[in-house]
>>> print(open('target.cif').read())   # mmCIF, C-alpha atoms and all ligand atoms
data_protein
#
loop_
_atom_site.label_atom_id
_atom_site.label_comp_id
_atom_site.auth_asym_id
_atom_site.auth_seq_id
_atom_site.Cartn_x
_atom_site.Cartn_y
_atom_site.Cartn_z
CA MET A 1 18.05 -10.60 23.38
CA LYS A 2 19.67 -12.93 20.86
CA THR A 3 18.64 -12.42 17.24
CA LEU A 4 19.09 -14.64 14.22
CA ILE A 5 18.42 -13.44 10.67
CA ILE A 6 17.78 -16.12 8.08
CA TYR A 7 17.73 -14.92 4.50
CA SER A 8 17.87 -15.85 0.86
CA SER A 9 19.27 -13.42 -1.69
CA VAL A 10 19.79 -14.53 -5.28
CA HIS A 11 21.05 -11.18 -6.64
CA GLY A 12 22.41 -9.72 -3.40
CA ASN A 13 19.65 -7.15 -2.86
CA THR A 14 18.11 -8.61 0.27
CA GLU A 15 21.57 -9.48 1.56
CA LYS A 16 22.34 -5.74 1.81
CA ILE A 17 19.22 -5.25 3.93
CA SER A 18 20.00 -8.34 6.04
CA LYS A 19 23.49 -7.05 6.82
CA ALA A 20 22.23 -3.57 7.74
CA MET A 21 19.67 -5.05 10.12
CA ALA A 22 22.18 -7.49 11.60
CA GLU A 23 24.60 -4.66 12.34
CA VAL A 24 22.00 -2.72 14.33
CA MET A 25 20.66 -5.76 16.15
CA ASN A 26 24.00 -7.41 16.72
CA ALA A 27 22.34 -10.40 15.09
CA GLU A 28 23.72 -13.62 13.73
CA LEU A 29 23.21 -13.91 9.94
CA LYS A 30 22.54 -17.17 8.16
CA LYS A 31 21.78 -17.95 4.53
CA VAL A 32 18.72 -20.14 4.38
CA ASP A 33 20.56 -22.83 2.43
CA ASP A 34 23.05 -23.17 5.30
CA ALA A 35 20.38 -23.15 8.00
CA ILE A 36 18.73 -26.06 9.77
CA ALA A 37 15.52 -25.93 11.80
CA ASP A 38 17.41 -26.41 15.09
CA ASP A 39 19.43 -23.23 14.49
CA ILE A 40 16.69 -21.08 15.93
CA LYS A 41 16.72 -22.84 19.31
CA ASN A 42 19.29 -20.52 20.85
CA TYR A 43 17.66 -17.27 19.71
CA ASP A 44 14.85 -15.10 21.07
CA LEU A 45 13.95 -13.18 17.92
CA ILE A 46 14.18 -14.52 14.37
CA GLY A 47 14.18 -12.48 11.13
CA PHE A 48 13.16 -14.09 7.85
CA GLY A 49 13.88 -12.27 4.58
CA SER A 50 14.32 -12.71 0.84
CA GLY A 51 13.61 -11.20 -2.54
CA ILE A 52 10.10 -11.61 -3.90
CA TYR A 53 9.79 -14.21 -6.63
CA TYR A 54 6.54 -14.68 -8.51
CA GLY A 55 4.54 -12.92 -5.86
CA ARG A 56 5.99 -14.50 -2.71
CA HIS A 57 9.20 -14.87 -0.72
CA HIS A 58 11.88 -17.12 -2.19
CA LYS A 59 10.84 -20.76 -2.30
CA ASN A 60 13.78 -21.92 -0.18
CA LEU A 61 12.80 -19.54 2.61
CA LEU A 62 9.18 -20.68 2.40
CA LYS A 63 10.32 -24.30 2.56
CA PHE A 64 12.43 -23.53 5.62
CA ALA A 65 9.50 -21.79 7.30
CA GLU A 66 7.39 -24.89 6.80
CA ASN A 67 9.77 -27.05 8.79
CA VAL A 68 10.81 -24.89 11.72
CA ASN A 69 9.15 -24.80 15.14
CA GLY A 70 8.35 -21.32 16.39
CA ASN A 71 7.15 -22.40 19.84
CA GLY A 72 5.78 -18.93 20.48
CA LYS A 73 9.02 -17.16 19.51
CA LYS A 74 8.83 -13.68 18.07
CA ALA A 75 9.79 -13.10 14.45
CA PHE A 76 9.92 -10.37 11.85
CA ILE A 77 9.90 -10.63 8.08
CA PHE A 78 11.41 -8.52 5.32
CA SER A 79 11.84 -8.48 1.57
CA THR A 80 13.11 -6.59 -1.44
CA SER A 81 10.97 -6.50 -4.55
CA SER A 82 10.78 -4.75 -7.87
CA GLY A 83 7.12 -3.97 -7.39
CA LYS A 84 5.15 -2.47 -4.55
CA LYS A 85 3.14 -4.52 -2.15
CA LEU A 86 -0.57 -3.95 -2.75
CA PRO A 87 -3.40 -5.20 -0.57
CA ILE A 88 -5.14 -8.26 -1.99
CA ILE A 89 -3.77 -8.17 -5.56
CA ASN A 90 -0.05 -8.12 -4.73
CA ASN A 91 0.25 -9.01 -1.05
CA PHE A 92 3.48 -10.94 -1.36
CA ASP A 93 3.93 -11.38 2.41
CA LYS A 94 0.90 -13.56 2.73
CA ALA A 95 2.51 -16.96 2.05
CA LEU A 96 5.40 -16.47 4.51
CA LEU A 97 3.18 -14.96 7.21
CA LYS A 98 0.76 -17.85 6.94
CA LYS A 99 3.50 -20.47 7.24
CA LEU A 100 5.19 -18.75 10.19
CA SER A 101 1.99 -18.35 12.12
CA LYS A 102 1.10 -21.99 11.42
CA ARG A 103 4.49 -23.00 12.84
CA GLY A 104 3.90 -21.04 16.06
CA PHE A 105 5.72 -17.74 15.49
CA THR A 106 4.37 -14.34 16.50
CA VAL A 107 5.35 -11.93 13.74
CA ILE A 108 5.92 -8.46 15.21
CA GLY A 109 7.15 -6.56 12.15
CA ASN A 110 7.47 -6.45 8.42
CA PHE A 111 9.85 -4.48 6.18
CA ASN A 112 9.99 -4.09 2.41
CA CYS A 113 11.92 -1.93 -0.02
CA ARG A 114 12.60 -1.97 -3.74
CA GLY A 115 15.29 -4.24 -5.11
CA LYS A 116 16.94 -3.51 -8.44
CA LYS A 117 16.31 -5.43 -11.50
CA ALA A 118 18.64 -8.24 -12.15
CA TYR A 119 15.16 -9.13 -13.17
CA TYR A 120 15.30 -7.43 -16.53
CA ASN A 121 17.99 -9.83 -17.66
CA THR A 122 15.61 -12.67 -17.02
CA PRO A 123 13.20 -13.78 -19.69
CA GLY A 124 9.56 -13.36 -18.74
CA LEU A 125 7.60 -10.56 -20.27
CA ILE A 126 4.55 -11.47 -18.24
CA ILE A 127 6.07 -10.47 -14.91
CA ARG A 128 7.97 -7.39 -16.15
CA PRO A 129 5.10 -4.96 -15.58
CA PHE A 130 5.54 -5.51 -11.82
CA CYS A 131 9.14 -4.50 -11.72
CA GLY A 132 9.34 -0.73 -11.81
CA GLN A 133 12.18 1.35 -13.25
CA LYS A 134 15.07 -0.47 -14.83
CA GLU A 135 17.84 2.02 -14.08
CA GLU A 136 17.23 2.66 -10.41
CA ASP A 137 19.83 1.15 -8.09
CA ARG A 138 18.04 -0.26 -5.09
CA PRO A 139 18.33 -0.83 -2.23
CA ASN A 140 19.94 2.61 -1.99
CA ALA A 141 21.36 4.50 1.01
CA GLU A 142 17.88 5.64 2.03
CA ASP A 143 16.57 2.06 1.97
CA ILE A 144 19.49 0.96 4.13
CA GLU A 145 18.73 3.73 6.64
CA LYS A 146 15.07 2.68 6.73
CA ALA A 147 16.09 -0.93 7.29
CA LYS A 148 18.29 0.14 10.20
CA LYS A 149 15.44 2.16 11.75
CA PHE A 150 13.15 -0.82 11.34
CA ALA A 151 15.72 -3.03 13.10
CA GLU A 152 15.93 -0.52 15.99
CA ASN A 153 12.15 -0.64 16.27
CA MET A 154 12.16 -4.43 16.32
CA LYS A 155 14.61 -4.38 19.24
CA LYS A 156 12.38 -1.94 21.15
CA LEU A 157 9.16 -3.76 20.34
CA PHE A 158 10.68 -7.06 21.33
CA SER A 159 11.71 -5.85 24.76
CA GLU A 160 8.46 -3.94 25.38
CA THR A 161 6.23 -6.87 24.44
CA THR A 162 8.40 -9.37 26.30
CA ARG A 163 8.28 -7.29 29.47
CA LEU A 164 4.50 -7.05 29.25
CA SER A 165 3.77 -10.70 28.56
C1 LIG B 201 12.55 -14.63 -11.73
C2 LIG B 201 12.20 -13.38 -10.94
C3 LIG B 201 10.90 -13.21 -10.47
C4 LIG B 201 10.56 -12.05 -9.76
N1 LIG B 201 9.27 -11.87 -9.33
C5 LIG B 201 8.92 -10.70 -8.74
C6 LIG B 201 7.56 -10.47 -8.34
O1 LIG B 201 6.68 -11.29 -8.50
N2 LIG B 201 7.26 -9.29 -7.76
C7 LIG B 201 8.21 -8.32 -7.53
O2 LIG B 201 7.88 -7.26 -7.02
N3 LIG B 201 9.52 -8.52 -7.87
C8 LIG B 201 9.89 -9.68 -8.47
N4 LIG B 201 11.21 -9.90 -8.82
C9 LIG B 201 12.23 -8.91 -8.44
C10 LIG B 201 12.97 -9.32 -7.17
O3 LIG B 201 12.08 -9.49 -6.09
C11 LIG B 201 13.99 -8.23 -6.77
O4 LIG B 201 14.95 -8.04 -7.80
C12 LIG B 201 14.65 -8.59 -5.45
O5 LIG B 201 15.34 -7.45 -4.97
C13 LIG B 201 15.63 -9.74 -5.58
O6 LIG B 201 16.16 -9.98 -4.30
P1 LIG B 201 17.48 -10.81 -4.02
O7 LIG B 201 18.59 -10.23 -4.85
O8 LIG B 201 17.76 -10.61 -2.59
O9 LIG B 201 17.17 -12.23 -4.36
C14 LIG B 201 11.56 -11.05 -9.51
C15 LIG B 201 12.87 -11.28 -9.96
C16 LIG B 201 13.20 -12.42 -10.68
C17 LIG B 201 14.62 -12.61 -11.15
#
>>> encode(input="target.cif", output="structure tokens", more="lines below")
Ligand SMILES: Cc1cc2nc3c(=O)[nH]c(=O)nc-3n(C[C@H](O)[C@H](O)[C@H](O)COP(=O)(O)O)c2cc1C
Amino acid sequence: MKTLIIYSSVHGNTEKISKAMAEVMNAELKKVDDAIADDIKNYDLIGFGSGIYYGRHHKNLLKFAENVNGNGKKAFIFSTSSGKKLPIINNFDKALLKKLSKRGFTVIGNFNCRGKKAYYNTPGLIIRPFCGQKEEDRPNAEDIEKAKKFAENMKKLFSETTRLS
């Protein structure tokens, strides 16, 4: 199984998660700004991750997802965010999931953890209520462990579902 992880990480939070997952999966890592649609051709499983910006994944990752052909490939998504995902009112995965399924990917997993607040240095009182505690340093060691477990599960799920189909 060859895995590629494509990510965007403005403040380095999602990059920590991407690296932890890549280590477990023996995956190739690529920043979205260095990636082209054809990059996914040689891989069986593709991970897409970024921080959450204004209620969705980073715009560059969303743009990339719009222009890449899944051709039935399996994918997983992940993110770091200051706020928690909430059904309906704060379901920040929705935009990326919709684009990936439209482009022919089957998304088999989804990971999120908190990401610390470079945010609070940014003007924008309106969005601050979504960001949680200022002092907390996230992702922390526990988040990294969870990301690694998730990556292990993705490997297992990939091989189980590929064997069955
Ligand atoms: C301009 C801006 C907008 C953000 N919007 C949200 C948001 O809508 N919801 C949320 O939970 N976190 C939001 N955040 C927090 C980021 O998702 C969080 O810090 C994330 O870990 C950043 O990931 P990165 O360093 O990998 O880019 C925002 C941060 C910034 C700077």
>>> residues_near_point(input="target.cif", point="(19.0, -7.1, 7.8)", cutoff="8 Å", atoms="all atoms listed in the file", output="list in words")
Ile5, Thr14, Glu15, Lys16, Ile17, Ser18, Lys19, Ala20, Met21, Ala22, Glu23, Gly47, Gly49, Ala147, Lys148 and Ala151 of chain A
>>> atom_distance(input="target.cif", atom1="CA of Val32 (chain A)", atom2="CA of Val68 (chain A)")
11.8 Å
>>> atom_distance(input="target.cif", atom1="CA of His58 (chain A)", atom2="CA of Met1 (chain A)")
27.1 Å
>>> residues_around(input="target.cif", residues="Lys155 (chain A)", least_positions_apart="6", cutoff="12 Å", atoms="all atoms listed in the file", output="ChimeraX atom specification")
/A:1-3,21-22,24-27,44-47,74-76,108-109,148-149,161-162
>>> atom_distance(input="target.cif", atom1="CA of Ser9 (chain A)", atom2="atom O3 of ligand LIG 201 (chain B)")
9.3 Å
>>> closest_residue(input="target.cif", among="A:Asn42, A:Thr80, A:Ser159, A:Ser8", to="Lys63 (chain A)", atoms="all atoms listed in the file")
A:Ser8
>>> closest_residue(input="target.cif", among="A:Gly115, A:Asn140, A:Glu28, A:Met154", to="ligand LIG 201 (chain B)", atoms="all atoms listed in the file")
A:Gly115
>>> residues_around(input="target.cif", residues="Val10 (chain A)", least_positions_apart="6", cutoff="12 Å", atoms="only C-alpha atoms", output="ChimeraX atom specification")
/A:16,31-33,49-53,57-61,80-81,115-119
>>> axis_aligned_box(input="target.cif", around="ligand LIG 201 (chain B)", padding_each_side="6 Å", output="JSON")
{"center_x": 12.6, "center_y": -10.9, "center_z": -7.2, "size_x": 23.9, "size_y": 19.4, "size_z": 21.1}
>>> build_atoms(input="target.cif", residues="region 87-98 of chain A", atoms="all heavy atoms", output="CSV table (one decimal), in the coordinates of the input")
chain,number,residue,atom,x,y,z
A,87,PRO,N,-2.5,-4.3,-1.3
A,87,PRO,CA,-3.4,-5.2,-0.6
A,87,PRO,C,-4.2,-6.1,-1.6
A,87,PRO,O,-4.5,-5.6,-2.7
A,87,PRO,CB,-4.4,-4.2,0.1
A,87,PRO,CG,-3.8,-2.9,0.0
A,87,PRO,CD,-2.7,-2.9,-1.1
A,88,ILE,N,-4.4,-7.3,-1.2
A,88,ILE,CA,-5.1,-8.3,-2.0
A,88,ILE,C,-4.5,-8.7,-3.3
A,88,ILE,O,-4.1,-9.8,-3.5
A,88,ILE,CB,-6.6,-7.8,-2.2
A,88,ILE,CG1,-7.3,-7.5,-0.9
A,88,ILE,CG2,-7.4,-9.0,-2.9
A,88,ILE,CD1,-8.6,-6.8,-1.0
A,89,ILE,N,-4.3,-7.7,-4.2
A,89,ILE,CA,-3.8,-8.2,-5.6
A,89,ILE,C,-2.3,-8.5,-5.6
A,89,ILE,O,-1.8,-9.2,-6.4
A,89,ILE,CB,-4.1,-7.2,-6.7
A,89,ILE,CG1,-3.6,-5.8,-6.4
A,89,ILE,CG2,-5.6,-7.2,-7.0
A,89,ILE,CD1,-3.6,-4.9,-7.6
A,90,ASN,N,-1.5,-7.8,-4.7
A,90,ASN,CA,0.0,-8.1,-4.7
A,90,ASN,C,0.5,-8.1,-3.3
A,90,ASN,O,1.5,-7.5,-3.0
A,90,ASN,CB,0.7,-7.1,-5.6
A,90,ASN,CG,2.1,-7.5,-5.9
A,90,ASN,OD1,2.4,-8.7,-5.9
A,90,ASN,ND2,3.0,-6.6,-6.1
A,91,ASN,N,-0.2,-8.9,-2.5
A,91,ASN,CA,0.2,-9.0,-1.0
A,91,ASN,C,1.2,-10.2,-0.9
A,91,ASN,O,0.9,-11.3,-0.5
A,91,ASN,CB,-1.0,-9.2,-0.2
A,91,ASN,CG,-0.6,-9.3,1.3
A,91,ASN,OD1,0.6,-9.1,1.6
A,91,ASN,ND2,-1.5,-9.5,2.2
A,92,PHE,N,2.5,-9.8,-1.3
A,92,PHE,CA,3.5,-10.9,-1.4
A,92,PHE,C,4.0,-11.5,0.0
A,92,PHE,O,4.7,-12.4,0.0
A,92,PHE,CB,4.6,-10.6,-2.3
A,92,PHE,CG,5.2,-9.2,-2.1
A,92,PHE,CD1,5.7,-8.7,-1.0
A,92,PHE,CD2,5.1,-8.3,-3.2
A,92,PHE,CE1,6.2,-7.4,-0.9
A,92,PHE,CE2,5.6,-7.0,-3.1
A,92,PHE,CZ,6.2,-6.6,-1.9
A,93,ASP,N,3.5,-10.9,1.1
A,93,ASP,CA,3.9,-11.4,2.4
A,93,ASP,C,3.1,-12.5,2.9
A,93,ASP,O,3.4,-13.3,3.8
A,93,ASP,CB,3.8,-10.3,3.5
A,93,ASP,CG,4.8,-9.2,3.2
A,93,ASP,OD1,5.9,-9.4,2.7
A,93,ASP,OD2,4.4,-8.0,3.5
A,94,LYS,N,1.9,-12.7,2.2
A,94,LYS,CA,0.9,-13.6,2.7
A,94,LYS,C,1.4,-15.0,3.0
A,94,LYS,O,1.2,-15.6,4.0
A,94,LYS,CB,-0.2,-13.6,1.7
A,94,LYS,CG,-1.6,-13.9,2.3
A,94,LYS,CD,-2.7,-13.6,1.3
A,94,LYS,CE,-3.8,-14.6,1.5
A,94,LYS,NZ,-4.8,-14.5,0.4
A,95,ALA,N,2.1,-15.5,2.0
A,95,ALA,CA,2.5,-17.0,2.0
A,95,ALA,C,3.5,-17.2,3.2
A,95,ALA,O,3.3,-18.1,4.0
A,95,ALA,CB,3.2,-17.4,0.8
A,96,LEU,N,4.4,-16.3,3.4
A,96,LEU,CA,5.4,-16.5,4.5
A,96,LEU,C,4.7,-16.3,5.9
A,96,LEU,O,4.9,-17.0,6.8
A,96,LEU,CB,6.6,-15.5,4.3
A,96,LEU,CG,7.7,-15.6,5.4
A,96,LEU,CD1,8.3,-17.0,5.5
A,96,LEU,CD2,8.8,-14.6,5.2
A,97,LEU,N,3.9,-15.2,5.9
A,97,LEU,CA,3.2,-15.0,7.2
A,97,LEU,C,2.3,-16.2,7.6
A,97,LEU,O,2.3,-16.5,8.8
A,97,LEU,CB,2.3,-13.7,7.1
A,97,LEU,CG,3.0,-12.4,7.1
A,97,LEU,CD1,2.0,-11.2,6.8
A,97,LEU,CD2,3.7,-12.1,8.4
A,98,LYS,N,1.6,-16.7,6.7
A,98,LYS,CA,0.8,-17.8,6.9
A,98,LYS,C,1.6,-19.0,7.5
A,98,LYS,O,1.2,-19.7,8.5
A,98,LYS,CB,0.0,-18.2,5.6
A,98,LYS,CG,-1.2,-19.0,5.9
A,98,LYS,CD,-2.0,-19.2,4.6
A,98,LYS,CE,-3.0,-20.3,4.7
A,98,LYS,NZ,-3.6,-20.7,3.4
